[in-house]
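Accompanying notes for the structure given below.
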Amino acid sequence: MTGDFLRTLLSLKIAVFFFIAVTFFYFGKHWSDGYNQLVFFTTQRSDPDPNTSPVVTMSPNYAKSFNLSALIDQNITQPVPENAPPPPLPEVSIEQMGILNNNGTMTKEFEVGYFEPGMVDQWVNESQVEREGSASNSKLGRKKFGLCSREMREYIPCLDNENAIRKLPSTEKGERFERHCPVQGQGLNCLVPAPTGYRTPIPWPRSRDEVWFNNVPHTRLVEDKGGQNWISRDKDKFKFPGGGTQFIHGANEYLDHISKIIPEITFGRHIRVVLDVGCGVASFGAYLLSRNVVTMSVAPKDVHENQIQFALERGVPAMAAAFATRRLLYPSQAFDMIHCSRCRVNWTRDDGILLLEVNRMLRAGGYFVWAAQPVYKHEEVLEEQWEEMLNLTTRLCWNFLKKDGYIAVWQKPSDNSCYTNREAGSKPPLCGPTDDPDSVWYVDLKACISELPENGYGANVSEWPARLQAPPDRLQSIQLDVFSSRTELFKAESRYWKEIIANYVRALHWKKIRLRNIMDMRAGFGGFAAALIEQNFENWVMNVVPVSGPNTLPVIYDRGLIGVMHDWCEAFDTYPRTYDLLHAANLLSVERKRCNLSSIMLEMDRILRPGGHVYIRDSLEIMDELQEIGKAIGWHVMLRDTEEGPHTSSVVLVGEKHLLRS
């Protein structure tokens with residue numbers, strides 16, 4: 001009985017298993033009809049027949065064969081013909097990226113510029129001061145600086161000092177456009193606010209051609225100069241077609257014209273550093289950048305006061321400066337070419353004192369390019385001005401090279417032979433032996449000719465780019481309190497900054513942050529700027545040489561860089577929100593002996609763009625004070641060790657400026 005039951009149970013299991021197998025086979029075959037099948041293929045059969053072609057069998061469709069001769073061809077390797085062209089690359093499908101516009105279609109026309117919420121800080125719009133220490137021995141500590149009034153959003157302390165300007169005995173020669181700084185204790189004591197709607201600046205190279213309207217919300221230049229192809233407004237942007245008063249068809253065509261009439265003017269080789277006087281919105285300098293030429297674009301803060309601000313917003317080197325009664329803040333023999341296109345400067349006034357300043361700054365053998373109405377118009381008054389210009393330049397020993405259309409070009413002599421061969425009593429006279437042509441800080445213009453060094457220093461610079469790393473002759477004339485070789489110091493500084501910049505790129509990802517307009521606040525020989533060039537950054541550097549140290553500006557210009565003399569106890573001649581990065585190495589520990597550190601850092605904040613960075617490499621001794629001031633200004637600060645490790649006397653304070661709103 002038990003055995004029968006077990007046999008019945010076993011039979012039942014076998015029947016169920018068979019039923020399940022048949023069911024799966026049926027459904028598997030039925031559901032697979034519309035799908036690709038697993039393929040098996042072979043070149044041999046069990047009964048090989050030489051007359052039979054290779055076949056393929058596809059399971060489960062047995063007995064369906066396919067001729068593969070064209071595909072397999074007996075598995076015989078075919079020789080590749082000599083010099084056969086490579087097979088064509090497969091077409092790659094490129095995925096289009098963009099955003100959906102209001103119509104629901106994809107577009108690549110979109111803008112980035114609004115600050116992320118984490119980059120915008122709400123700020124109490126009043127200064128906050130708290131008392132530190134005991135009642136008997138306390139001091140006032142700054143907790144927060146308040147925001148300045150909206151009227152100060154473009155404030156330049158030493159150019160907007162109306163009280164001092166009103167007291168000037170005369171403004172006939174442009175004195176009001178020169179520096180008149182507030183007296184000590186009455187300087188900037190608040191944070192200059194950004195305009196309403198301020199956005200992250202458009203990156204270079206797009207910024208050459210367009211900037212946000214809200215960042216420089218002024219239409220005066222559009223109204224006055226729009227017809228001359230300077231600037232136009234297009235919705236929320238200003239556009240820069242690249243023209244100027246004398247080159248309405250574009251700067252590139254104008255530059256080609258200059259090179260054509262004077263073939264010796266080789267941009268990016270012999271001509272590396274240029275001064276553009278009365279620059280407008282700096283299209284001349286903007287287009288020279290693509291020719292490996294760096295241009296210092298200058299103009300006064302006059303009726304077209306925002307022209308320099310537009311230039312800087314575009315990412316073009318510029319600063320406010322005027323030919324008036326004082327020397328400009330650049331050294332002798334600084335510029336390979338000086339350019340004036342309708343720059344509104346009367347070069348022949350006061351027996352040519354302004355052109356004598358051009359002569360001081362122009363390198364031996366350099367070129368002066370003048371594009372103005374007296375060059376090409378034949379009205380009586382303009383013809384008289386042309387004759388005066390020819391007479392003056394002849395007395396300066398300049399060689400008149402050519403006049404073509406509306407452009408005239410002169411060349412400065414390469415030595416003093418012409419000067420020494422002039423008749424006795426010739427004017428203008430040569431400057432006396434006590435005159436230092438490189439002394440420029442609050443130095444009045446002089447109606448005399450600055451002689452060239454007899455040893456040829458300044459005239460014999462290498463072509464670009466070799467001059468960037470070649471120790472120049474004028475290096476030997478720099479007054480330094482050292483006993484080691486100046487050439488070795490120059491090379492050591494270059495190596496030092498090359499290593500540090502490489503570390504910044506590697507560890508701090510400098511290639512990923514916006515670095516276009518940069519200032520080195522204590523530039524030395526310009527090694528920091530040179531290292532950035534060698535790292536192929538798309539930036540320019542304003543190399544500042546403090547008056548408290550040796551005057552190394554001649555070396556900086558001989559290297560093919562630009563810079564300026566400055567005293568950090570006073571404000572710098574630029575607009576607010578100018579620079580993406582401020583770099584200060586071993587500066588503040590020196591300047592604190594003569595300046596107020598809060599005043600210096602407030603000035604740094606004024607000229608720094610929201611989203612910009614500050615790198616202060618200095619003594620550990622002053623870092624607590626710097627951090628306190630930085631936080632009171634609203635910077636997000638942190639300390640980093642230098643490359644030498646945590647046990648050295650120096651550290652790096654890194655500050656990031658956020659957009660402050662009240």
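In the structure tokens, chains take letters A, B, ... by order of appearance, with residues numbered from 1 within each chain and ligands from 1 in the order shown.
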
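Residue neighbourhood of Trp370 of chain A, excluding near-sequence residues (fewer than 5 positions): His339, Cys340, Ser341, Ile407, Ala408 and Val409 of chain A, at 7 Å, using only C-alpha atoms.
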
Could you tell me, as a list in words, which residues of segment 514-570 of chain A DSSP assigns to strand (DSSP E) when given the backbone?
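Matching residues, listed in order: Asn517, Ile518, Met519, Asp520, Trp540, Val541, Met542, Asn543, Val544, Val545, Pro546, Ile562, Gly563, Val564, Met565 and His566 of chain A.
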
Per DSSP on the backbone, what are the helix (DSSP H, G or I) residues of segment 422-619 of chain A, as a PDB file with N, CA and C atoms, in the first residue's frame?
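result-v2.pdb, written as the output of this step:
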```pdb
ATOM      1  N   ALA A 466      61.068  87.253 -25.458  1.00  0.00           N
ATOM      2  CA  ALA A 466      62.343  86.999 -24.769  1.00  0.00           C
ATOM      3  C   ALA A 466      62.583  87.984 -23.637  1.00  0.00           C
ATOM      4  N   ARG A 467      62.086  89.221 -23.776  1.00  0.00           N
ATOM      5  CA  ARG A 467      62.362  90.247 -22.768  1.00  0.00           C
ATOM      6  C   ARG A 467      61.697  89.954 -21.426  1.00  0.00           C
ATOM      7  N   LEU A 468      60.704  89.066 -21.411  1.00  0.00           N
ATOM      8  CA  LEU A 468      59.996  88.772 -20.166  1.00  0.00           C
ATOM      9  C   LEU A 468      60.934  88.191 -19.118  1.00  0.00           C
ATOM     10  N   ASP A 473      69.061  95.814 -18.689  1.00  0.00           N
ATOM     11  CA  ASP A 473      70.209  96.638 -18.288  1.00  0.00           C
ATOM     12  C   ASP A 473      69.881  97.525 -17.092  1.00  0.00           C
ATOM     13  N   ARG A 474      68.667  98.083 -17.078  1.00  0.00           N
ATOM     14  CA  ARG A 474      68.330  99.041 -16.014  1.00  0.00           C
ATOM     15  C   ARG A 474      68.207  98.389 -14.646  1.00  0.00           C
ATOM     16  N   LEU A 475      68.231  97.069 -14.611  1.00  0.00           N
ATOM     17  CA  LEU A 475      68.263  96.368 -13.333  1.00  0.00           C
ATOM     18  C   LEU A 475      69.454  96.827 -12.491  1.00  0.00           C
ATOM     19  N   GLN A 476      70.561  97.140 -13.155  1.00  0.00           N
ATOM     20  CA  GLN A 476      71.784  97.514 -12.439  1.00  0.00           C
ATOM     21  C   GLN A 476      71.704  98.911 -11.819  1.00  0.00           C
ATOM     22  N   SER A 477      70.755  99.721 -12.267  1.00  0.00           N
ATOM     23  CA  SER A 477      70.646 101.086 -11.745  1.00  0.00           C
ATOM     24  C   SER A 477      69.625 101.213 -10.622  1.00  0.00           C
ATOM     25  N   ARG A 486      72.388  91.813  -8.460  1.00  0.00           N
ATOM     26  CA  ARG A 486      71.024  92.164  -8.842  1.00  0.00           C
ATOM     27  C   ARG A 486      70.464  91.158  -9.840  1.00  0.00           C
ATOM     28  N   THR A 487      71.315  90.674 -10.711  1.00  0.00           N
ATOM     29  CA  THR A 487      70.866  89.678 -11.681  1.00  0.00           C
ATOM     30  C   THR A 487      70.430  88.404 -10.979  1.00  0.00           C
ATOM     31  N   GLU A 488      71.170  87.988  -9.976  1.00  0.00           N
ATOM     32  CA  GLU A 488      70.792  86.789  -9.225  1.00  0.00           C
ATOM     33  C   GLU A 488      69.492  87.018  -8.455  1.00  0.00           C
ATOM     34  N   LEU A 489      69.314  88.211  -7.903  1.00  0.00           N
ATOM     35  CA  LEU A 489      68.051  88.528  -7.222  1.00  0.00           C
ATOM     36  C   LEU A 489      66.881  88.450  -8.198  1.00  0.00           C
ATOM     37  N   PHE A 490      67.070  88.997  -9.383  1.00  0.00           N
ATOM     38  CA  PHE A 490      66.036  88.969 -10.421  1.00  0.00           C
ATOM     39  C   PHE A 490      65.655  87.530 -10.763  1.00  0.00           C
ATOM     40  N   LYS A 491      66.646  86.682 -10.980  1.00  0.00           N
ATOM     41  CA  LYS A 491      66.377  85.290 -11.344  1.00  0.00           C
ATOM     42  C   LYS A 491      65.748  84.528 -10.187  1.00  0.00           C
ATOM     43  N   ALA A 492      66.208  84.822  -8.967  1.00  0.00           N
ATOM     44  CA  ALA A 492      65.657  84.137  -7.792  1.00  0.00           C
ATOM     45  C   ALA A 492      64.189  84.501  -7.600  1.00  0.00           C
ATOM     46  N   GLU A 493      63.852  85.778  -7.796  1.00  0.00           N
ATOM     47  CA  GLU A 493      62.448  86.177  -7.665  1.00  0.00           C
ATOM     48  C   GLU A 493      61.586  85.479  -8.709  1.00  0.00           C
ATOM     49  N   SER A 494      62.081  85.383  -9.930  1.00  0.00           N
ATOM     50  CA  SER A 494      61.329  84.715 -10.994  1.00  0.00           C
ATOM     51  C   SER A 494      61.078  83.250 -10.643  1.00  0.00           C
ATOM     52  N   ARG A 495      62.103  82.567 -10.142  1.00  0.00           N
ATOM     53  CA  ARG A 495      61.933  81.155  -9.766  1.00  0.00           C
ATOM     54  C   ARG A 495      60.948  81.012  -8.608  1.00  0.00           C
ATOM     55  N   TYR A 496      61.055  81.917  -7.643  1.00  0.00           N
ATOM     56  CA  TYR A 496      60.201  81.882  -6.453  1.00  0.00           C
ATOM     57  C   TYR A 496      58.726  81.958  -6.831  1.00  0.00           C
ATOM     58  N   TRP A 497      58.385  82.955  -7.666  1.00  0.00           N
ATOM     59  CA  TRP A 497      56.969  83.122  -8.012  1.00  0.00           C
ATOM     60  C   TRP A 497      56.494  82.060  -8.996  1.00  0.00           C
ATOM     61  N   LYS A 498      57.396  81.553  -9.798  1.00  0.00           N
ATOM     62  CA  LYS A 498      57.018  80.468 -10.699  1.00  0.00           C
ATOM     63  C   LYS A 498      56.569  79.249  -9.912  1.00  0.00           C
ATOM     64  N   GLU A 499      57.291  78.926  -8.836  1.00  0.00           N
ATOM     65  CA  GLU A 499      56.922  77.786  -7.993  1.00  0.00           C
ATOM     66  C   GLU A 499      55.622  78.038  -7.242  1.00  0.00           C
ATOM     67  N   ILE A 500      55.458  79.254  -6.734  1.00  0.00           N
ATOM     68  CA  ILE A 500      54.254  79.560  -5.952  1.00  0.00           C
ATOM     69  C   ILE A 500      53.012  79.556  -6.841  1.00  0.00           C
ATOM     70  N   ILE A 501      53.099  80.163  -8.013  1.00  0.00           N
ATOM     71  CA  ILE A 501      51.938  80.177  -8.908  1.00  0.00           C
ATOM     72  C   ILE A 501      51.581  78.759  -9.341  1.00  0.00           C
ATOM     73  N   ALA A 502      52.603  77.937  -9.609  1.00  0.00           N
ATOM     74  CA  ALA A 502      52.328  76.539  -9.958  1.00  0.00           C
ATOM     75  C   ALA A 502      51.597  75.839  -8.814  1.00  0.00           C
ATOM     76  N   ASN A 503      51.964  76.160  -7.573  1.00  0.00           N
ATOM     77  CA  ASN A 503      51.293  75.579  -6.414  1.00  0.00           C
ATOM     78  C   ASN A 503      49.855  76.093  -6.290  1.00  0.00           C
ATOM     79  N   TYR A 504      49.655  77.397  -6.541  1.00  0.00           N
ATOM     80  CA  TYR A 504      48.300  77.948  -6.510  1.00  0.00           C
ATOM     81  C   TYR A 504      47.406  77.271  -7.558  1.00  0.00           C
ATOM     82  N   VAL A 505      47.965  77.027  -8.712  1.00  0.00           N
ATOM     83  CA  VAL A 505      47.194  76.375  -9.781  1.00  0.00           C
ATOM     84  C   VAL A 505      46.843  74.947  -9.380  1.00  0.00           C
ATOM     85  N   ARG A 506      47.804  74.254  -8.786  1.00  0.00           N
ATOM     86  CA  ARG A 506      47.612  72.847  -8.437  1.00  0.00           C
ATOM     87  C   ARG A 506      46.725  72.676  -7.201  1.00  0.00           C
ATOM     88  N   ALA A 507      47.016  73.428  -6.147  1.00  0.00           N
ATOM     89  CA  ALA A 507      46.330  73.202  -4.868  1.00  0.00           C
ATOM     90  C   ALA A 507      45.075  74.047  -4.703  1.00  0.00           C
ATOM     91  N   TRP A 510      43.485  77.693  -9.331  1.00  0.00           N
ATOM     92  CA  TRP A 510      43.370  79.039  -9.887  1.00  0.00           C
ATOM     93  C   TRP A 510      42.836  79.044 -11.317  1.00  0.00           C
ATOM     94  N   LYS A 511      43.018  77.962 -12.040  1.00  0.00           N
ATOM     95  CA  LYS A 511      42.523  77.934 -13.421  1.00  0.00           C
ATOM     96  C   LYS A 511      40.989  77.876 -13.470  1.00  0.00           C
ATOM     97  N   LYS A 512      40.368  77.604 -12.334  1.00  0.00           N
ATOM     98  CA  LYS A 512      38.915  77.454 -12.305  1.00  0.00           C
ATOM     99  C   LYS A 512      38.197  78.688 -11.760  1.00  0.00           C
ATOM    100  N   GLY A 527      57.940  89.513 -10.946  1.00  0.00           N
ATOM    101  CA  GLY A 527      58.005  88.062 -11.071  1.00  0.00           C
ATOM    102  C   GLY A 527      56.655  87.381 -10.966  1.00  0.00           C
ATOM    103  N   PHE A 528      55.750  87.917 -10.132  1.00  0.00           N
ATOM    104  CA  PHE A 528      54.409  87.346  -9.988  1.00  0.00           C
ATOM    105  C   PHE A 528      53.669  87.412 -11.325  1.00  0.00           C
ATOM    106  N   ALA A 529      53.692  88.583 -11.971  1.00  0.00           N
ATOM    107  CA  ALA A 529      53.006  88.742 -13.256  1.00  0.00           C
ATOM    108  C   ALA A 529      53.633  87.868 -14.335  1.00  0.00           C
ATOM    109  N   ALA A 530      54.964  87.777 -14.334  1.00  0.00           N
ATOM    110  CA  ALA A 530      55.649  86.960 -15.332  1.00  0.00           C
ATOM    111  C   ALA A 530      55.279  85.484 -15.184  1.00  0.00           C
ATOM    112  N   ALA A 531      55.144  85.019 -13.931  1.00  0.00           N
ATOM    113  CA  ALA A 531      54.779  83.621 -13.696  1.00  0.00           C
ATOM    114  C   ALA A 531      53.370  83.326 -14.198  1.00  0.00           C
ATOM    115  N   LEU A 532      52.464  84.275 -14.059  1.00  0.00           N
ATOM    116  CA  LEU A 532      51.109  84.084 -14.580  1.00  0.00           C
ATOM    117  C   LEU A 532      51.110  83.975 -16.100  1.00  0.00           C
ATOM    118  N   ILE A 533      51.938  84.776 -16.762  1.00  0.00           N
ATOM    119  CA  ILE A 533      52.035  84.701 -18.217  1.00  0.00           C
ATOM    120  C   ILE A 533      52.544  83.331 -18.644  1.00  0.00           C
ATOM    121  N   GLU A 534      53.528  82.810 -17.922  1.00  0.00           N
ATOM    122  CA  GLU A 534      54.079  81.507 -18.280  1.00  0.00           C
ATOM    123  C   GLU A 534      53.092  80.379 -18.020  1.00  0.00           C
ATOM    124  N   LEU A 553      60.055 100.086 -11.084  1.00  0.00           N
ATOM    125  CA  LEU A 553      59.199 100.227 -12.264  1.00  0.00           C
ATOM    126  C   LEU A 553      59.960 100.145 -13.590  1.00  0.00           C
ATOM    127  N   PRO A 554      61.149 100.747 -13.719  1.00  0.00           N
ATOM    128  CA  PRO A 554      61.848 100.618 -15.007  1.00  0.00           C
ATOM    129  C   PRO A 554      62.091  99.169 -15.414  1.00  0.00           C
ATOM    130  N   VAL A 555      62.404  98.315 -14.443  1.00  0.00           N
ATOM    131  CA  VAL A 555      62.626  96.903 -14.744  1.00  0.00           C
ATOM    132  C   VAL A 555      61.333  96.237 -15.197  1.00  0.00           C
ATOM    133  N   ILE A 556      60.236  96.574 -14.525  1.00  0.00           N
ATOM    134  CA  ILE A 556      58.933  95.995 -14.874  1.00  0.00           C
ATOM    135  C   ILE A 556      58.576  96.321 -16.316  1.00  0.00           C
ATOM    136  N   TYR A 557      58.760  97.566 -16.719  1.00  0.00           N
ATOM    137  CA  TYR A 557      58.433  97.947 -18.098  1.00  0.00           C
ATOM    138  C   TYR A 557      59.423  97.349 -19.097  1.00  0.00           C
ATOM    139  N   ASP A 558      60.685  97.244 -18.722  1.00  0.00           N
ATOM    140  CA  ASP A 558      61.658  96.636 -19.629  1.00  0.00           C
ATOM    141  C   ASP A 558      61.352  95.158 -19.866  1.00  0.00           C
ATOM    142  N   LEU A 588      51.712  94.604   3.945  1.00  0.00           N
ATOM    143  CA  LEU A 588      50.992  95.247   5.048  1.00  0.00           C
ATOM    144  C   LEU A 588      51.827  95.312   6.322  1.00  0.00           C
ATOM    145  N   SER A 589      52.711  94.350   6.537  1.00  0.00           N
ATOM    146  CA  SER A 589      53.573  94.418   7.723  1.00  0.00           C
ATOM    147  C   SER A 589      54.559  95.574   7.625  1.00  0.00           C
ATOM    148  N   VAL A 590      54.856  96.005   6.399  1.00  0.00           N
ATOM    149  CA  VAL A 590      55.729  97.166   6.200  1.00  0.00           C
ATOM    150  C   VAL A 590      54.927  98.456   6.296  1.00  0.00           C
ATOM    151  N   GLU A 591      53.781  98.509   5.622  1.00  0.00           N
ATOM    152  CA  GLU A 591      52.997  99.742   5.551  1.00  0.00           C
ATOM    153  C   GLU A 591      52.298 100.084   6.865  1.00  0.00           C
ATOM    154  N   LEU A 597      46.021 100.223   8.781  1.00  0.00           N
ATOM    155  CA  LEU A 597      45.703  98.987   8.078  1.00  0.00           C
ATOM    156  C   LEU A 597      44.234  98.915   7.662  1.00  0.00           C
ATOM    157  N   SER A 598      43.349  99.430   8.499  1.00  0.00           N
ATOM    158  CA  SER A 598      41.927  99.432   8.132  1.00  0.00           C
ATOM    159  C   SER A 598      41.699 100.249   6.869  1.00  0.00           C
ATOM    160  N   SER A 599      42.397 101.384   6.747  1.00  0.00           N
ATOM    161  CA  SER A 599      42.244 102.228   5.559  1.00  0.00           C
ATOM    162  C   SER A 599      42.725 101.502   4.307  1.00  0.00           C
ATOM    163  N   ILE A 600      43.839 100.787   4.418  1.00  0.00           N
ATOM    164  CA  ILE A 600      44.357 100.046   3.258  1.00  0.00           C
ATOM    165  C   ILE A 600      43.374  98.954   2.846  1.00  0.00           C
ATOM    166  N   MET A 601      42.845  98.219   3.827  1.00  0.00           N
ATOM    167  CA  MET A 601      41.955  97.112   3.490  1.00  0.00           C
ATOM    168  C   MET A 601      40.590  97.592   3.017  1.00  0.00           C
ATOM    169  N   LEU A 602      40.128  98.741   3.507  1.00  0.00           N
ATOM    170  CA  LEU A 602      38.899  99.331   2.957  1.00  0.00           C
ATOM    171  C   LEU A 602      39.102  99.741   1.500  1.00  0.00           C
ATOM    172  N   GLU A 603      40.298 100.243   1.189  1.00  0.00           N
ATOM    173  CA  GLU A 603      40.606 100.591  -0.197  1.00  0.00           C
ATOM    174  C   GLU A 603      40.686  99.336  -1.062  1.00  0.00           C
ATOM    175  N   MET A 604      41.243  98.279  -0.505  1.00  0.00           N
ATOM    176  CA  MET A 604      41.273  97.015  -1.237  1.00  0.00           C
ATOM    177  C   MET A 604      39.854  96.535  -1.529  1.00  0.00           C
ATOM    178  N   ASP A 605      38.986  96.647  -0.551  1.00  0.00           N
ATOM    179  CA  ASP A 605      37.594  96.231  -0.759  1.00  0.00           C
ATOM    180  C   ASP A 605      36.909  97.098  -1.812  1.00  0.00           C
ATOM    181  N   ARG A 606      37.219  98.388  -1.829  1.00  0.00           N
ATOM    182  CA  ARG A 606      36.591  99.296  -2.788  1.00  0.00           C
ATOM    183  C   ARG A 606      36.896  98.881  -4.218  1.00  0.00           C
ATOM    184  N   ILE A 607      38.146  98.507  -4.493  1.00  0.00           N
ATOM    185  CA  ILE A 607      38.536  98.232  -5.877  1.00  0.00           C
ATOM    186  C   ILE A 607      38.378  96.761  -6.254  1.00  0.00           C
TER     187      ILE A 607
END
```

When you look at Leu608 of chain A with a cut-off of 6 Å (counting only C-alpha atoms), what residues show up, excluding the ones that are within fewer than 4 positions of it in the same chain? I need them as a list in words.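 Contacts, in chain order: Arg577, Thr578 and Tyr579 of chain A.
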
For the selection just defined, write its residues with N, CA, C and O atoms to a file, as a compact mmCIF listing (two decimals), in the first residue's frame.
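Output file again_31.txt follows:
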```txt
# COMPACT_ATOMS: atom_id res chain seq x y z
N ARG A 577 35.16 98.21 -7.80
CA ARG A 577 34.86 96.94 -8.48
C ARG A 577 35.67 96.77 -9.77
O ARG A 577 35.15 96.45 -10.83
N THR A 578 36.98 96.97 -9.65
CA THR A 578 37.88 96.92 -10.80
C THR A 578 38.58 95.57 -10.94
O THR A 578 38.70 95.05 -12.05
N TYR A 579 39.03 94.98 -9.83
CA TYR A 579 39.95 93.84 -9.90
C TYR A 579 39.32 92.55 -9.40
O TYR A 579 38.54 92.53 -8.45
```

Worksheet entry | For Glu223 of chain A, the nearest of the candidates A:Gly560, A:Leu328, A:Thr171, A:His304, counting only C-alpha atoms |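 Among A:Gly560, A:Leu328, A:Thr171, A:His304, it is A:His304 that comes nearest to Glu223 of chain A.
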
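Distance-wise, atom CA of Leu626 of chain A and atom CA of Gln184 of chain A end up 20.6 Å apart.
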
Please indicate the distance in Å from atom CA of Ser650 of chain A to atom CA of Asn543 of chain A, rounded to one decimal place.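 Computed distance, atom CA of Ser650 of chain A to atom CA of Asn543 of chain A, equals 22.2 Å.
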
| task | Just the residues within 12 Å of Gly197 of chain A, please, counting only C-alpha atoms, with nothing from its chain fewer than 5 positions along; format it as a PyMOL selection string. | result | chain A and resi 113-115+212-217+236+659-661

Taking N, CA, C and O atoms for each residue, export the selection above as a short mmCIF file (atom, residue, chain, number, x, y, z; two decimals), in the first residue's frame.
```cif
data_model
loop_
_atom_site.label_atom_id
_atom_site.label_comp_id
_atom_site.auth_asym_id
_atom_site.auth_seq_id
_atom_site.Cartn_x
_atom_site.Cartn_y
_atom_site.Cartn_z
N GLY A 113 25.39 85.01 -14.91
CA GLY A 113 25.87 86.26 -14.34
C GLY A 113 25.28 86.57 -12.98
O GLY A 113 25.85 87.33 -12.23
N TYR A 114 24.14 85.98 -12.66
CA TYR A 114 23.54 86.26 -11.36
C TYR A 114 24.32 85.54 -10.27
O TYR A 114 24.77 84.41 -10.44
N PHE A 115 24.47 86.21 -9.14
CA PHE A 115 25.22 85.63 -8.04
C PHE A 115 24.42 84.51 -7.38
O PHE A 115 23.20 84.63 -7.20
N TRP A 212 27.54 93.97 -18.90
CA TRP A 212 26.20 94.17 -18.35
C TRP A 212 25.92 95.66 -18.15
O TRP A 212 26.75 96.38 -17.60
N PHE A 213 24.74 96.08 -18.55
CA PHE A 213 24.33 97.47 -18.34
C PHE A 213 24.30 97.81 -16.86
O PHE A 213 24.77 98.89 -16.46
N ASN A 214 23.78 96.93 -16.03
CA ASN A 214 23.62 97.24 -14.61
C ASN A 214 24.96 97.41 -13.89
O ASN A 214 25.01 98.00 -12.82
N ASN A 215 26.04 96.87 -14.45
CA ASN A 215 27.33 97.01 -13.79
C ASN A 215 27.94 98.40 -13.99
O ASN A 215 28.73 98.87 -13.18
N VAL A 216 27.61 99.04 -15.12
CA VAL A 216 28.04 100.42 -15.39
C VAL A 216 26.83 101.16 -15.95
O VAL A 216 26.76 101.45 -17.15
N PRO A 217 25.86 101.48 -15.13
CA PRO A 217 24.56 101.98 -15.64
C PRO A 217 24.60 103.45 -16.05
O PRO A 217 23.97 104.30 -15.42
N ASP A 236 19.87 94.56 -22.01
CA ASP A 236 20.53 94.61 -20.70
C ASP A 236 22.05 94.64 -20.82
O ASP A 236 22.76 94.38 -19.84
N LEU A 659 28.85 89.77 -2.45
CA LEU A 659 28.00 90.92 -2.78
C LEU A 659 27.17 91.26 -1.55
O LEU A 659 26.42 90.41 -1.04
N LEU A 660 27.30 92.49 -1.06
CA LEU A 660 26.61 92.90 0.16
C LEU A 660 25.34 93.67 -0.19
O LEU A 660 25.37 94.57 -1.04
N ARG A 661 24.27 93.31 0.47
CA ARG A 661 23.00 94.04 0.29
C ARG A 661 22.48 94.44 1.66
O ARG A 661 22.57 93.68 2.63
#
```

Residues within 12 Å of Asn421 of chain A, only C-alpha atoms, excluding chain neighbours under 6 positions, as a list in words: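 Listed by chain and then number, they are Arg395, Cys397, Asp415 and Leu430 of chain A.
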
Test item: residues at most 10 Å from Asp160 of chain A, only C-alpha atoms, excluding those fewer than 6 positions along its chain, as a PyMOL selection string: chain A and resi 152+154+176-182+301
